[in-house]
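Since the structure comes first, as structure tokens, the remarks are kept for the end.
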Amino acid sequence: MASSFFSLGPVTKESELASLHLRRDASMPVILSTKAEGAEHEGYAEGVVTNTRFGSFPHSTIIGVPWGSQIRASKVDTGSRGRRDRGNAKKRKADVLDDKATNDDSALANTKDAVVASTGFVHVLPPTPETWTTSLPHRTQVVYTPDYSYILHRIRARPGTRLIEAGSGSGSFTHAAARAVFNGYPPSQDIENQTNPAENPEARGKVFSFEFHEERHKKVQEEMLQHGLDGIVRASHRDVYRDGFLLHNDESDVKIKTSPRANAIFLDLPAPWEALPHLTRQAQDGTPSALDESSPVYICTFNPCIEQVQRTITALRKFDWLEIETVEVQHKRIDIRRGYTSLQYEGLRGVNGLATDVDEALARLRKVEEKAKNFNRSKSGQGRVADTPVVKNQSQNLQQQTLPFDGGKLVHRTQADLKTHTSYLVFAVLPRSWSEDDEIAAQAKWSKHV
Ligand code: SAM
């Protein structure tokens, strides 16, 4: 199957994975299909219908439209289910129309279970790791986009990288890693059994994802297949603390092991230090190393608490990792809006720093508040940042200062924290192994050029 993540045409098609974008930070993954199957869709004459807070969307209205299109909610003929729900639906429909459902929170409450609604809308977007992360079924804590973007950058994940991930969890990081390492080959081909000599399997990117929880492993494997990523991601059911990262080509004979030849590693495990003995240059018990001999290897471990960081670093040192660094990524969303600051309140005082008249001060205060309110109402808080005056010192008489706009200065407030699984990220690098033979070969190569 072609990957929904990499090989989409200009319009949506039957059987493709799509992301229904409901509003900022809320989207819903759906496999587009007009063939209604299963109890979930029972009673809909239109075939498969996705019900959202903003109304009902028969897939027949979503298929065959350009990606990015806005889809209006439809009135849905619900058959027997409709008859059951009709009494309540009538009232809900009235609520929805009253509210002119415009995808805001007040409309949400009324449309929550609505079977009939025709005023809401969604946008149909191509799936990306980012939309998948915000909408995936959570089976564990997941790594969110701000973290995995930074991690993938620091561990040098790029087309052709061979990346080990443990554990797979809910597959959030797995999707982003698959995109980072993918280098354009037909993604559903089994690269390990590649026979075409024109292809170079050595140069292909691959994610080796390990998970010891059987259900989670099966689910990730299933998702990779559904999303057409099974040629890029190889999911293994494994306790990596005990059994390490070598690949069993035949799971029934675990003695036959091959190396993933990884050059990037991401460990999101409760005890990463227990996995590190399996990530060394020296082979264990005569088995090959799981690492790529011909390149440096970059690692990141995800550690929720500082005690885990300490134990991880001790183990990294023991196993020769260098350039060890701990980073905490703090995500904040800054809300810029028009308002007044405490300095502007200062400006309401008289020239001597004292209010000359209480009534006069209050009247000025109300005027400033009213202007700020009006500005926010009319401009939704957006304005020309460049015009904001710089306040040099507190004693400056702000009454004399020209305000940039009617309604006060631009101020910023930090919104509630972004949804992330906050953690400490420990990074390190294991240099490539360098033998005497490598040195002789390098010198011989160099001497040809001088
Ligand atoms: N990074 C994942 C994501 O973005 O969706 C979330 C990983 S979750 C926090 C940690 C996972 O590690 C769990 O699913 C757990 O079952 C798995 N795990 C814990 N110990 C393990 C082990 N020894 N071997 C393999 N997987 C393990």
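Identifiers in the structure tokens: chain A, B, ... in order shown; residue index from 1 per chain; ligand index from 1 in order shown.
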
| DSSP strand (DSSP E) residues within range 207-346 of chain A, listed as a ChimeraX atom specification | /A:207-211,233-237,247-248,257-258,264-267,297-303,322-328,334-339

Mind running chain A against ligand 1 at 8 Å and telling me each contacting residue's nearest atom pair with the distance in Å (one decimal), counting only C-alpha atoms and all ligand atoms, chain and number ascending, as JSON lines?
{"residue": "A:His138", "atom": "CA", "partner": "ligand 1", "partner_atom_place_in_ligand_line": "5 (O)", "distance": 7.8}
{"residue": "A:Arg139", "atom": "CA", "partner": "ligand 1", "partner_atom_place_in_ligand_line": "14 (O)", "distance": 7.5}
{"residue": "A:Thr140", "atom": "CA", "partner": "ligand 1", "partner_atom_place_in_ligand_line": "8 (S)", "distance": 5.3}
{"residue": "A:Gln141", "atom": "CA", "partner": "ligand 1", "partner_atom_place_in_ligand_line": "9 (C)", "distance": 4.7}
{"residue": "A:Val142", "atom": "CA", "partner": "ligand 1", "partner_atom_place_in_ligand_line": "4 (O)", "distance": 3.8}
{"residue": "A:Val143", "atom": "CA", "partner": "ligand 1", "partner_atom_place_in_ligand_line": "4 (O)", "distance": 4.0}
{"residue": "A:Tyr144", "atom": "CA", "partner": "ligand 1", "partner_atom_place_in_ligand_line": "4 (O)", "distance": 7.0}
{"residue": "A:Glu165", "atom": "CA", "partner": "ligand 1", "partner_atom_place_in_ligand_line": "1 (N)", "distance": 7.8}
{"residue": "A:Ala166", "atom": "CA", "partner": "ligand 1", "partner_atom_place_in_ligand_line": "26 (N)", "distance": 5.6}
{"residue": "A:Gly167", "atom": "CA", "partner": "ligand 1", "partner_atom_place_in_ligand_line": "12 (O)", "distance": 3.6}
{"residue": "A:Ser168", "atom": "CA", "partner": "ligand 1", "partner_atom_place_in_ligand_line": "2 (C)", "distance": 5.0}
{"residue": "A:Gly169", "atom": "CA", "partner": "ligand 1", "partner_atom_place_in_ligand_line": "14 (O)", "distance": 3.4}
{"residue": "A:Ser170", "atom": "CA", "partner": "ligand 1", "partner_atom_place_in_ligand_line": "5 (O)", "distance": 3.6}
{"residue": "A:Gly171", "atom": "CA", "partner": "ligand 1", "partner_atom_place_in_ligand_line": "5 (O)", "distance": 4.2}
{"residue": "A:Ser172", "atom": "CA", "partner": "ligand 1", "partner_atom_place_in_ligand_line": "4 (O)", "distance": 3.9}
{"residue": "A:Phe173", "atom": "CA", "partner": "ligand 1", "partner_atom_place_in_ligand_line": "4 (O)", "distance": 4.1}
{"residue": "A:Thr174", "atom": "CA", "partner": "ligand 1", "partner_atom_place_in_ligand_line": "4 (O)", "distance": 6.7}
{"residue": "A:Phe210", "atom": "CA", "partner": "ligand 1", "partner_atom_place_in_ligand_line": "25 (C)", "distance": 5.5}
{"residue": "A:Glu211", "atom": "CA", "partner": "ligand 1", "partner_atom_place_in_ligand_line": "26 (N)", "distance": 3.7}
{"residue": "A:Phe212", "atom": "CA", "partner": "ligand 1", "partner_atom_place_in_ligand_line": "25 (C)", "distance": 4.0}
{"residue": "A:His213", "atom": "CA", "partner": "ligand 1", "partner_atom_place_in_ligand_line": "16 (O)", "distance": 4.7}
{"residue": "A:Arg216", "atom": "CA", "partner": "ligand 1", "partner_atom_place_in_ligand_line": "14 (O)", "distance": 6.5}
{"residue": "A:His237", "atom": "CA", "partner": "ligand 1", "partner_atom_place_in_ligand_line": "25 (C)", "distance": 7.5}
{"residue": "A:Arg238", "atom": "CA", "partner": "ligand 1", "partner_atom_place_in_ligand_line": "25 (C)", "distance": 5.5}
{"residue": "A:Asp239", "atom": "CA", "partner": "ligand 1", "partner_atom_place_in_ligand_line": "24 (N)", "distance": 3.6}
{"residue": "A:Val240", "atom": "CA", "partner": "ligand 1", "partner_atom_place_in_ligand_line": "24 (N)", "distance": 4.1}
{"residue": "A:Tyr241", "atom": "CA", "partner": "ligand 1", "partner_atom_place_in_ligand_line": "23 (N)", "distance": 4.7}
{"residue": "A:Arg242", "atom": "CA", "partner": "ligand 1", "partner_atom_place_in_ligand_line": "23 (N)", "distance": 7.0}
{"residue": "A:Leu267", "atom": "CA", "partner": "ligand 1", "partner_atom_place_in_ligand_line": "1 (N)", "distance": 7.8}
{"residue": "A:Asp268", "atom": "CA", "partner": "ligand 1", "partner_atom_place_in_ligand_line": "7 (C)", "distance": 5.2}
{"residue": "A:Leu269", "atom": "CA", "partner": "ligand 1", "partner_atom_place_in_ligand_line": "12 (O)", "distance": 4.8}
{"residue": "A:Pro270", "atom": "CA", "partner": "ligand 1", "partner_atom_place_in_ligand_line": "19 (C)", "distance": 6.0}
{"residue": "A:Ala271", "atom": "CA", "partner": "ligand 1", "partner_atom_place_in_ligand_line": "20 (N)", "distance": 7.4}
{"residue": "A:Ala275", "atom": "CA", "partner": "ligand 1", "partner_atom_place_in_ligand_line": "23 (N)", "distance": 7.5}

Just the selected residues (N, CA and C atoms), exported as a tab-separated table (two decimals), in the first residue's frame, please.
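And here's part-v4.tsv as it stands now:
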chain	number	residue	atom	x	y	z
A	138	HIS	N	-4.18	7.51	22.31
A	138	HIS	CA	-3.09	7.42	23.31
A	138	HIS	C	-3.11	6.09	24.04
A	139	ARG	N	-2.02	5.37	23.96
A	139	ARG	CA	-1.89	4.14	24.73
A	139	ARG	C	-0.88	4.34	25.85
A	140	THR	N	-0.08	5.39	25.70
A	140	THR	CA	0.95	5.72	26.69
A	140	THR	C	1.11	7.24	26.67
A	141	GLN	N	2.01	7.75	27.49
A	141	GLN	CA	2.47	9.13	27.32
A	141	GLN	C	3.12	9.19	25.95
A	142	VAL	N	3.02	10.31	25.27
A	142	VAL	CA	3.66	10.37	23.95
A	142	VAL	C	4.66	11.52	23.89
A	143	VAL	N	5.54	11.45	22.90
A	143	VAL	CA	6.45	12.57	22.66
A	143	VAL	C	5.74	13.51	21.69
A	144	TYR	N	5.67	14.79	22.05
A	144	TYR	CA	4.96	15.76	21.21
A	144	TYR	C	5.92	16.45	20.23
A	165	GLU	N	14.53	2.99	17.95
A	165	GLU	CA	13.62	3.65	18.89
A	165	GLU	C	13.11	2.60	19.89
A	166	ALA	N	13.11	2.94	21.18
A	166	ALA	CA	12.50	2.05	22.19
A	166	ALA	C	12.00	2.92	23.33
A	167	GLY	N	10.73	2.65	23.90
A	167	GLY	CA	9.75	1.81	23.32
A	167	GLY	C	8.89	2.57	22.30
A	168	SER	N	8.18	1.77	21.55
A	168	SER	CA	7.33	2.34	20.50
A	168	SER	C	6.15	3.11	21.10
A	169	GLY	N	5.65	2.64	22.25
A	169	GLY	CA	4.53	3.32	22.94
A	169	GLY	C	3.32	3.48	22.02
A	170	SER	N	2.91	4.74	21.81
A	170	SER	CA	1.73	5.01	20.97
A	170	SER	C	2.12	5.33	19.53
A	171	GLY	N	3.41	5.28	19.24
A	171	GLY	CA	3.85	5.47	17.85
A	171	GLY	C	3.95	6.93	17.42
A	172	SER	N	3.89	7.86	18.38
A	172	SER	CA	3.95	9.28	18.00
A	172	SER	C	5.34	9.60	17.43
A	173	PHE	N	6.38	9.28	18.19
A	173	PHE	CA	7.74	9.54	17.71
A	173	PHE	C	8.03	8.72	16.45
A	174	THR	N	7.47	7.51	16.39
A	174	THR	CA	7.75	6.61	15.26
A	174	THR	C	7.39	7.28	13.92
A	210	PHE	N	11.22	-0.83	18.98
A	210	PHE	CA	11.09	-1.98	19.89
A	210	PHE	C	10.10	-1.67	21.01
A	211	GLU	N	9.28	-2.67	21.33
A	211	GLU	CA	8.26	-2.47	22.38
A	211	GLU	C	8.02	-3.82	23.08
A	212	PHE	N	8.01	-3.81	24.42
A	212	PHE	CA	7.82	-5.11	25.09
A	212	PHE	C	6.38	-5.40	25.46
A	213	HIS	N	5.50	-4.40	25.40
A	213	HIS	CA	4.09	-4.61	25.71
A	213	HIS	C	3.43	-5.14	24.43
A	216	ARG	N	0.60	-3.13	22.59
A	216	ARG	CA	1.10	-1.87	21.99
A	216	ARG	C	1.93	-2.18	20.76
A	237	HIS	N	8.72	-6.96	18.78
A	237	HIS	CA	8.20	-7.17	20.13
A	237	HIS	C	9.37	-7.65	20.98
A	238	ARG	N	9.82	-6.84	21.92
A	238	ARG	CA	11.08	-7.17	22.58
A	238	ARG	C	11.23	-6.45	23.91
A	239	ASP	N	11.79	-7.14	24.91
A	239	ASP	CA	12.26	-6.47	26.12
A	239	ASP	C	13.71	-6.10	25.84
A	240	VAL	N	13.94	-4.83	25.57
A	240	VAL	CA	15.30	-4.44	25.15
A	240	VAL	C	16.31	-4.46	26.29
A	241	TYR	N	15.84	-4.37	27.54
A	241	TYR	CA	16.79	-4.45	28.66
A	241	TYR	C	17.45	-5.84	28.64
A	242	ARG	N	16.62	-6.84	28.36
A	242	ARG	CA	17.12	-8.21	28.43
A	242	ARG	C	17.74	-8.65	27.10
A	267	LEU	N	15.82	6.66	23.08
A	267	LEU	CA	15.29	5.76	24.12
A	267	LEU	C	14.26	6.51	24.97
A	268	ASP	N	13.01	6.09	24.90
A	268	ASP	CA	11.95	6.64	25.76
A	268	ASP	C	11.49	5.47	26.63
A	269	LEU	N	12.31	5.15	27.62
A	269	LEU	CA	12.12	3.97	28.48
A	269	LEU	C	12.22	4.40	29.93
A	270	PRO	N	11.58	3.66	30.84
A	270	PRO	CA	11.70	4.04	32.25
A	270	PRO	C	13.14	3.96	32.77
A	271	ALA	N	13.96	3.02	32.25
A	271	ALA	CA	15.34	2.88	32.74
A	271	ALA	C	16.31	2.74	31.56
A	275	ALA	N	19.34	-0.40	29.02
A	275	ALA	CA	19.45	-0.75	27.59
A	275	ALA	C	20.84	-0.43	27.05

Exercise. Which residues, written as a VMD selection string, have at least one atom at most 12 Å from range 151-156 of chain A, with only C-alpha atoms counted and residues fewer than 2 positions away on the same chain left out?
Worked result: chain A and resid 143 to 149 158 to 165 173 to 181 262 to 268 295 to 302 325 to 329 423 to 430

Would you export the selected residues with N, CA and C atoms as a compact mmCIF listing (two decimals), in the first residue's frame, please?
# COMPACT_ATOMS: atom_id res chain seq x y z
N VAL A 143 5.54 11.45 22.90
CA VAL A 143 6.45 12.57 22.66
C VAL A 143 5.74 13.51 21.69
N TYR A 144 5.67 14.79 22.05
CA TYR A 144 4.96 15.76 21.21
C TYR A 144 5.92 16.45 20.23
N THR A 145 5.29 17.14 19.27
CA THR A 145 6.04 17.73 18.16
C THR A 145 7.21 18.63 18.60
N PRO A 146 7.03 19.55 19.56
CA PRO A 146 8.18 20.42 19.89
C PRO A 146 9.38 19.61 20.36
N ASP A 147 9.13 18.53 21.12
CA ASP A 147 10.24 17.70 21.59
C ASP A 147 10.83 16.88 20.45
N TYR A 148 9.97 16.20 19.66
CA TYR A 148 10.59 15.31 18.68
C TYR A 148 11.27 16.06 17.55
N SER A 149 10.82 17.29 17.27
CA SER A 149 11.53 18.07 16.23
C SER A 149 12.97 18.32 16.68
N ARG A 158 18.14 12.04 9.32
CA ARG A 158 17.97 12.62 7.99
C ARG A 158 17.77 11.47 7.00
N PRO A 159 17.43 11.77 5.74
CA PRO A 159 17.19 10.67 4.80
C PRO A 159 18.37 9.71 4.77
N GLY A 160 18.10 8.45 5.00
CA GLY A 160 19.16 7.44 5.00
C GLY A 160 19.58 7.00 6.39
N THR A 161 19.20 7.75 7.43
CA THR A 161 19.59 7.38 8.80
C THR A 161 18.92 6.07 9.20
N ARG A 162 19.66 5.27 9.97
CA ARG A 162 19.10 4.02 10.52
C ARG A 162 18.92 4.24 12.02
N LEU A 163 17.68 4.33 12.41
CA LEU A 163 17.36 4.84 13.76
C LEU A 163 16.72 3.76 14.63
N ILE A 164 17.26 3.58 15.82
CA ILE A 164 16.65 2.67 16.80
C ILE A 164 15.75 3.49 17.71
N GLU A 165 14.53 2.99 17.95
CA GLU A 165 13.62 3.65 18.89
C GLU A 165 13.11 2.60 19.89
N PHE A 173 6.38 9.28 18.19
CA PHE A 173 7.74 9.54 17.71
C PHE A 173 8.03 8.72 16.45
N THR A 174 7.47 7.51 16.39
CA THR A 174 7.75 6.61 15.26
C THR A 174 7.39 7.28 13.92
N HIS A 175 6.23 7.93 13.87
CA HIS A 175 5.80 8.56 12.62
C HIS A 175 6.76 9.67 12.21
N ALA A 176 7.16 10.50 13.18
CA ALA A 176 8.06 11.62 12.86
C ALA A 176 9.42 11.08 12.42
N ALA A 177 9.87 10.01 13.10
CA ALA A 177 11.17 9.43 12.75
C ALA A 177 11.13 8.84 11.35
N ALA A 178 10.00 8.19 11.01
CA ALA A 178 9.87 7.57 9.68
C ALA A 178 10.00 8.64 8.60
N ARG A 179 9.35 9.79 8.82
CA ARG A 179 9.44 10.86 7.81
C ARG A 179 10.88 11.39 7.71
N ALA A 180 11.54 11.52 8.87
CA ALA A 180 12.89 12.09 8.85
C ALA A 180 13.89 11.22 8.09
N VAL A 181 13.76 9.89 8.21
CA VAL A 181 14.78 9.01 7.63
C VAL A 181 14.44 8.56 6.20
N ALA A 262 22.66 0.77 13.40
CA ALA A 262 22.04 2.06 13.70
C ALA A 262 23.08 3.16 13.85
N ASN A 263 22.71 4.37 13.39
CA ASN A 263 23.58 5.53 13.66
C ASN A 263 22.83 6.65 14.39
N ALA A 264 21.60 6.35 14.80
CA ALA A 264 20.86 7.29 15.65
C ALA A 264 19.96 6.47 16.57
N ILE A 265 19.84 6.94 17.83
CA ILE A 265 19.07 6.16 18.82
C ILE A 265 18.21 7.11 19.65
N PHE A 266 16.97 6.68 19.88
CA PHE A 266 16.11 7.43 20.80
C PHE A 266 15.51 6.45 21.80
N LEU A 267 15.82 6.66 23.08
CA LEU A 267 15.29 5.76 24.12
C LEU A 267 14.26 6.51 24.97
N ASP A 268 13.01 6.09 24.90
CA ASP A 268 11.95 6.64 25.76
C ASP A 268 11.49 5.47 26.63
N SER A 295 30.22 4.93 11.18
CA SER A 295 29.85 6.34 11.44
C SER A 295 29.67 6.58 12.94
N PRO A 296 29.74 7.85 13.35
CA PRO A 296 29.42 8.14 14.75
C PRO A 296 27.95 7.84 15.01
N VAL A 297 27.62 7.59 16.26
CA VAL A 297 26.22 7.28 16.60
C VAL A 297 25.73 8.35 17.58
N TYR A 298 24.56 8.90 17.30
CA TYR A 298 23.99 9.96 18.15
C TYR A 298 22.82 9.38 18.94
N ILE A 299 22.78 9.72 20.22
CA ILE A 299 21.71 9.16 21.08
C ILE A 299 20.98 10.27 21.82
N CYS A 300 19.71 10.03 22.08
CA CYS A 300 18.94 10.89 22.98
C CYS A 300 18.13 9.98 23.90
N THR A 301 18.15 10.28 25.18
CA THR A 301 17.26 9.55 26.10
C THR A 301 16.30 10.56 26.72
N PHE A 302 15.08 10.11 26.93
CA PHE A 302 13.98 10.96 27.40
C PHE A 302 13.75 10.60 28.86
N GLU A 325 25.19 15.86 27.19
CA GLU A 325 24.55 17.15 27.47
C GLU A 325 23.08 16.94 27.83
N THR A 326 22.61 17.66 28.83
CA THR A 326 21.19 17.53 29.21
C THR A 326 20.46 18.82 28.86
N VAL A 327 19.30 18.68 28.25
CA VAL A 327 18.53 19.84 27.80
C VAL A 327 17.10 19.69 28.29
N GLU A 328 16.54 20.79 28.74
CA GLU A 328 15.10 20.76 29.02
C GLU A 328 14.44 21.75 28.06
N VAL A 329 13.54 21.26 27.25
CA VAL A 329 12.87 22.14 26.29
C VAL A 329 11.60 22.65 26.97
N SER A 423 10.22 16.70 29.86
CA SER A 423 11.23 15.75 30.27
C SER A 423 12.61 16.36 30.11
N TYR A 424 13.59 15.68 30.68
CA TYR A 424 14.97 16.08 30.41
C TYR A 424 15.47 15.22 29.26
N LEU A 425 16.12 15.86 28.33
CA LEU A 425 16.67 15.13 27.18
C LEU A 425 18.17 15.03 27.37
N VAL A 426 18.68 13.81 27.39
CA VAL A 426 20.13 13.63 27.50
C VAL A 426 20.66 13.23 26.13
N PHE A 427 21.62 14.00 25.63
CA PHE A 427 22.21 13.72 24.32
C PHE A 427 23.66 13.28 24.50
N ALA A 428 24.14 12.45 23.60
CA ALA A 428 25.55 12.04 23.62
C ALA A 428 25.93 11.50 22.25
N VAL A 429 27.23 11.35 22.04
CA VAL A 429 27.70 10.79 20.77
C VAL A 429 28.76 9.73 21.04
N LEU A 430 28.71 8.68 20.26
CA LEU A 430 29.73 7.64 20.33
C LEU A 430 30.52 7.73 19.03

Every residue of range 179-309 of chain A that DSSP places in helix (DSSP H, G or I), as a PyMOL selection string: chain A and resi 179-181+191-193+201-203+214-226+240-243+272-274+276-278+306-309

May I have the residues from that selection written out with N, CA and C atoms, as an mmCIF file, in the first residue's frame?
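Written output follows (selection01.cif):
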data_model
loop_
_atom_site.group_PDB
_atom_site.id
_atom_site.type_symbol
_atom_site.label_atom_id
_atom_site.label_comp_id
_atom_site.auth_asym_id
_atom_site.auth_seq_id
_atom_site.Cartn_x
_atom_site.Cartn_y
_atom_site.Cartn_z
ATOM 1 N N ARG A 179 9.352 9.786 8.817
ATOM 2 C CA ARG A 179 9.441 10.858 7.815
ATOM 3 C C ARG A 179 10.876 11.386 7.712
ATOM 4 N N ALA A 180 11.544 11.519 8.869
ATOM 5 C CA ALA A 180 12.893 12.093 8.851
ATOM 6 C C ALA A 180 13.886 11.217 8.093
ATOM 7 N N VAL A 181 13.756 9.888 8.214
ATOM 8 C CA VAL A 181 14.785 9.008 7.625
ATOM 9 C C VAL A 181 14.441 8.563 6.201
ATOM 10 N N ILE A 191 12.889 -3.721 2.437
ATOM 11 C CA ILE A 191 14.271 -3.384 2.080
ATOM 12 C C ILE A 191 15.278 -4.430 2.534
ATOM 13 N N GLU A 192 14.925 -5.186 3.570
ATOM 14 C CA GLU A 192 15.894 -6.182 4.031
ATOM 15 C C GLU A 192 16.069 -7.281 2.992
ATOM 16 N N ASN A 193 15.007 -7.548 2.214
ATOM 17 C CA ASN A 193 15.091 -8.596 1.205
ATOM 18 C C ASN A 193 15.210 -8.013 -0.202
ATOM 19 N N PRO A 201 20.446 -0.872 -0.705
ATOM 20 C CA PRO A 201 19.775 -0.925 0.597
ATOM 21 C C PRO A 201 20.601 -0.303 1.721
ATOM 22 N N GLU A 202 21.925 -0.269 1.524
ATOM 23 C CA GLU A 202 22.794 0.317 2.553
ATOM 24 C C GLU A 202 22.442 1.787 2.811
ATOM 25 N N ALA A 203 21.997 2.443 1.732
ATOM 26 C CA ALA A 203 21.774 3.885 1.841
ATOM 27 C C ALA A 203 20.364 4.223 2.295
ATOM 28 N N GLU A 214 2.920 -6.383 24.495
ATOM 29 C CA GLU A 214 2.498 -7.061 23.265
ATOM 30 C C GLU A 214 1.398 -6.302 22.511
ATOM 31 N N GLU A 215 0.381 -5.845 23.254
ATOM 32 C CA GLU A 215 -0.738 -5.153 22.592
ATOM 33 C C GLU A 215 -0.255 -3.896 21.884
ATOM 34 N N ARG A 216 0.603 -3.127 22.592
ATOM 35 C CA ARG A 216 1.100 -1.873 21.988
ATOM 36 C C ARG A 216 1.933 -2.179 20.756
ATOM 37 N N HIS A 217 2.739 -3.215 20.853
ATOM 38 C CA HIS A 217 3.566 -3.592 19.694
ATOM 39 C C HIS A 217 2.673 -3.917 18.503
ATOM 40 N N LYS A 218 1.627 -4.724 18.756
ATOM 41 C CA LYS A 218 0.739 -5.142 17.652
ATOM 42 C C LYS A 218 0.043 -3.931 17.033
ATOM 43 N N LYS A 219 -0.350 -3.012 17.888
ATOM 44 C CA LYS A 219 -1.062 -1.829 17.403
ATOM 45 C C LYS A 219 -0.136 -0.972 16.525
ATOM 46 N N VAL A 220 1.089 -0.793 16.972
ATOM 47 C CA VAL A 220 2.040 0.008 16.163
ATOM 48 C C VAL A 220 2.283 -0.678 14.824
ATOM 49 N N GLN A 221 2.443 -1.996 14.880
ATOM 50 C CA GLN A 221 2.693 -2.760 13.649
ATOM 51 C C GLN A 221 1.507 -2.580 12.674
ATOM 52 N N GLU A 222 0.300 -2.675 13.232
ATOM 53 C CA GLU A 222 -0.922 -2.518 12.437
ATOM 54 C C GLU A 222 -0.992 -1.113 11.824
ATOM 55 N N GLU A 223 -0.672 -0.099 12.638
ATOM 56 C CA GLU A 223 -0.716 1.286 12.139
ATOM 57 C C GLU A 223 0.299 1.511 11.025
ATOM 58 N N MET A 224 1.472 0.921 11.179
ATOM 59 C CA MET A 224 2.505 1.091 10.142
ATOM 60 C C MET A 224 2.008 0.531 8.814
ATOM 61 N N LEU A 225 1.327 -0.590 8.911
ATOM 62 C CA LEU A 225 0.773 -1.230 7.717
ATOM 63 C C LEU A 225 -0.321 -0.346 7.107
ATOM 64 N N GLN A 226 -1.231 0.107 7.974
ATOM 65 C CA GLN A 226 -2.344 0.958 7.516
ATOM 66 C C GLN A 226 -1.850 2.254 6.886
ATOM 67 N N VAL A 240 13.942 -4.834 25.570
ATOM 68 C CA VAL A 240 15.299 -4.441 25.146
ATOM 69 C C VAL A 240 16.311 -4.464 26.289
ATOM 70 N N TYR A 241 15.837 -4.366 27.543
ATOM 71 C CA TYR A 241 16.791 -4.453 28.656
ATOM 72 C C TYR A 241 17.449 -5.838 28.640
ATOM 73 N N ARG A 242 16.618 -6.838 28.365
ATOM 74 C CA ARG A 242 17.118 -8.210 28.426
ATOM 75 C C ARG A 242 17.745 -8.647 27.100
ATOM 76 N N ASP A 243 17.062 -8.325 25.997
ATOM 77 C CA ASP A 243 17.470 -8.932 24.722
ATOM 78 C C ASP A 243 18.120 -7.996 23.719
ATOM 79 N N PRO A 272 16.586 3.844 30.889
ATOM 80 C CA PRO A 272 17.439 3.754 29.682
ATOM 81 C C PRO A 272 18.799 3.127 29.959
ATOM 82 N N TRP A 273 19.319 3.316 31.195
ATOM 83 C CA TRP A 273 20.649 2.778 31.522
ATOM 84 C C TRP A 273 20.687 1.250 31.414
ATOM 85 N N GLU A 274 19.523 0.622 31.506
ATOM 86 C CA GLU A 274 19.511 -0.844 31.393
ATOM 87 C C GLU A 274 19.632 -1.298 29.945
ATOM 88 N N LEU A 276 21.565 0.464 27.740
ATOM 89 C CA LEU A 276 22.843 0.941 27.190
ATOM 90 C C LEU A 276 23.920 -0.138 27.019
ATOM 91 N N PRO A 277 23.973 -1.170 27.872
ATOM 92 C CA PRO A 277 24.992 -2.218 27.637
ATOM 93 C C PRO A 277 24.839 -2.890 26.268
ATOM 94 N N HIS A 278 23.655 -2.781 25.652
ATOM 95 C CA HIS A 278 23.446 -3.399 24.333
ATOM 96 C C HIS A 278 23.766 -2.439 23.194
ATOM 97 N N ILE A 306 15.163 13.932 37.279
ATOM 98 C CA ILE A 306 16.605 14.206 37.274
ATOM 99 C C ILE A 306 17.417 13.003 37.784
ATOM 100 N N GLU A 307 16.802 12.175 38.642
ATOM 101 C CA GLU A 307 17.511 10.969 39.111
ATOM 102 C C GLU A 307 17.758 10.028 37.932
ATOM 103 N N GLN A 308 16.776 9.984 37.009
ATOM 104 C CA GLN A 308 16.971 9.144 35.812
ATOM 105 C C GLN A 308 18.103 9.711 34.959
ATOM 106 N N VAL A 309 18.176 11.028 34.911
ATOM 107 C CA VAL A 309 19.244 11.679 34.137
ATOM 108 C C VAL A 309 20.595 11.248 34.703
#

Closest of A:Ser7, A:Ser259, A:Thr133, A:Ser435 to Ala283 in chain A, counting only C-alpha atoms, is A:Ser259

Next on the checklist: Between A:Pro127, A:Ile71, A:Thr52, A:Gly120, which residue has the minimum interatomic distance to Phe6 in chain A, considering only C-alpha atoms?
Outcome noted: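 Using only C-alpha atoms, the shortest distance to Phe6 in chain A belongs to A:Pro127.
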
* Which residue gives the smallest distance to Ser135 in chain A among A:Lys255, A:Asp25, A:Glu436, A:Glu16, with only C-alpha atoms counted? ->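 Closest to Ser135 in chain A, using only C-alpha atoms: A:Asp25.
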
- Between A:Asn249, A:Ser19, A:Thr34, A:Asn183, single out the one closest to Glu130 in chain A, counting only C-alpha atoms.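 When distances to Glu130 in chain A are compared using only C-alpha atoms, the smallest one comes from A:Ser19.
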
Expressed in Å, the length from CA of Val124 in chain A to CA of Lys75 in chain A is 18.3 Å

What does the distance between CA of Arg234 in chain A and CA of Thr422 in chain A come to in Å, to one decimal place?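 CA of Thr422 in chain A lies at a distance of 27.1 Å from CA of Arg234 in chain A.
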